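Contents: one structure, followed by commentary.
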Amino acid sequence: MTIRRSVWLAGLAAVVLPMSSAMAGDVAAGKEKSAVCAACHGQTGESVAPDFPKLAGQHEDYLLRALKDYKAGHRKNPIMTAQVENLSPADMADLAAYYAAQEGLYVKR
Ligand code: HEC
């Protein structure tokens, strides 16, 4: 892909993505907030052991829903309940955006 085309596409994404999802999280902010998650889910969401679900490349909506469900007690898991305890809605949106933006490696196995 040429540089001009990449720049054009990035510009298009910058305009279209916020419109498609008003609540979209901030990937860069999510990266910073993900430091505590890395112990189990890996730095890029490619989890370190089979016990921990891979977050890389999962759908943003799905990740956000999972975090909200842990927080609300609709989804019960002692480890994750403790993890989301101090997260704000914006934190959860940022984290979901960050992991969704990582390359999912399922296909490479
Ligand atoms: C101590 C290990 C540990 C840490 C730290 C941790 N998690 Fe988890 N996470 C888990 C486990 C175990 C599960 C699976 C729980 C279940 O079965 O519901 C999980 C599940 C999840 C899921 C649901 C995934 C799916 O496919 O349904 C999300 C999203 C998630 N974690 C995000 C996070 C985020 C964001 C952080 C940091 C704020 C974090 N986790 C920190 C262990 C951890």
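All residue names refer to the structure tokens as shown: chains lettered A, B, ... in order, residues numbered from 1 in each chain, ligands numbered from 1 in order.
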Q: Could I get the residue neighbourhood of ligand 1 at 10 Å, counting only C-alpha atoms and all ligand atoms, as a ChimeraX atom specification?
A: /A:30-31,33-42,45,47-56,58-70,75-87,91-96,98-100
Q) Using only C-alpha atoms, which of the listed residues (A:Arg5, A:Lys71, A:Thr44, A:Gly104) sits closest to Val27 in chain A? A)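 Using only C-alpha atoms, the shortest distance to Val27 in chain A belongs to A:Thr44.
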Q. Of the residues A:Ala24, A:Ser6, A:Gln43, A:His74, which is the one nearest to Glu103 in chain A, using only C-alpha atoms?
A. A:Gln43
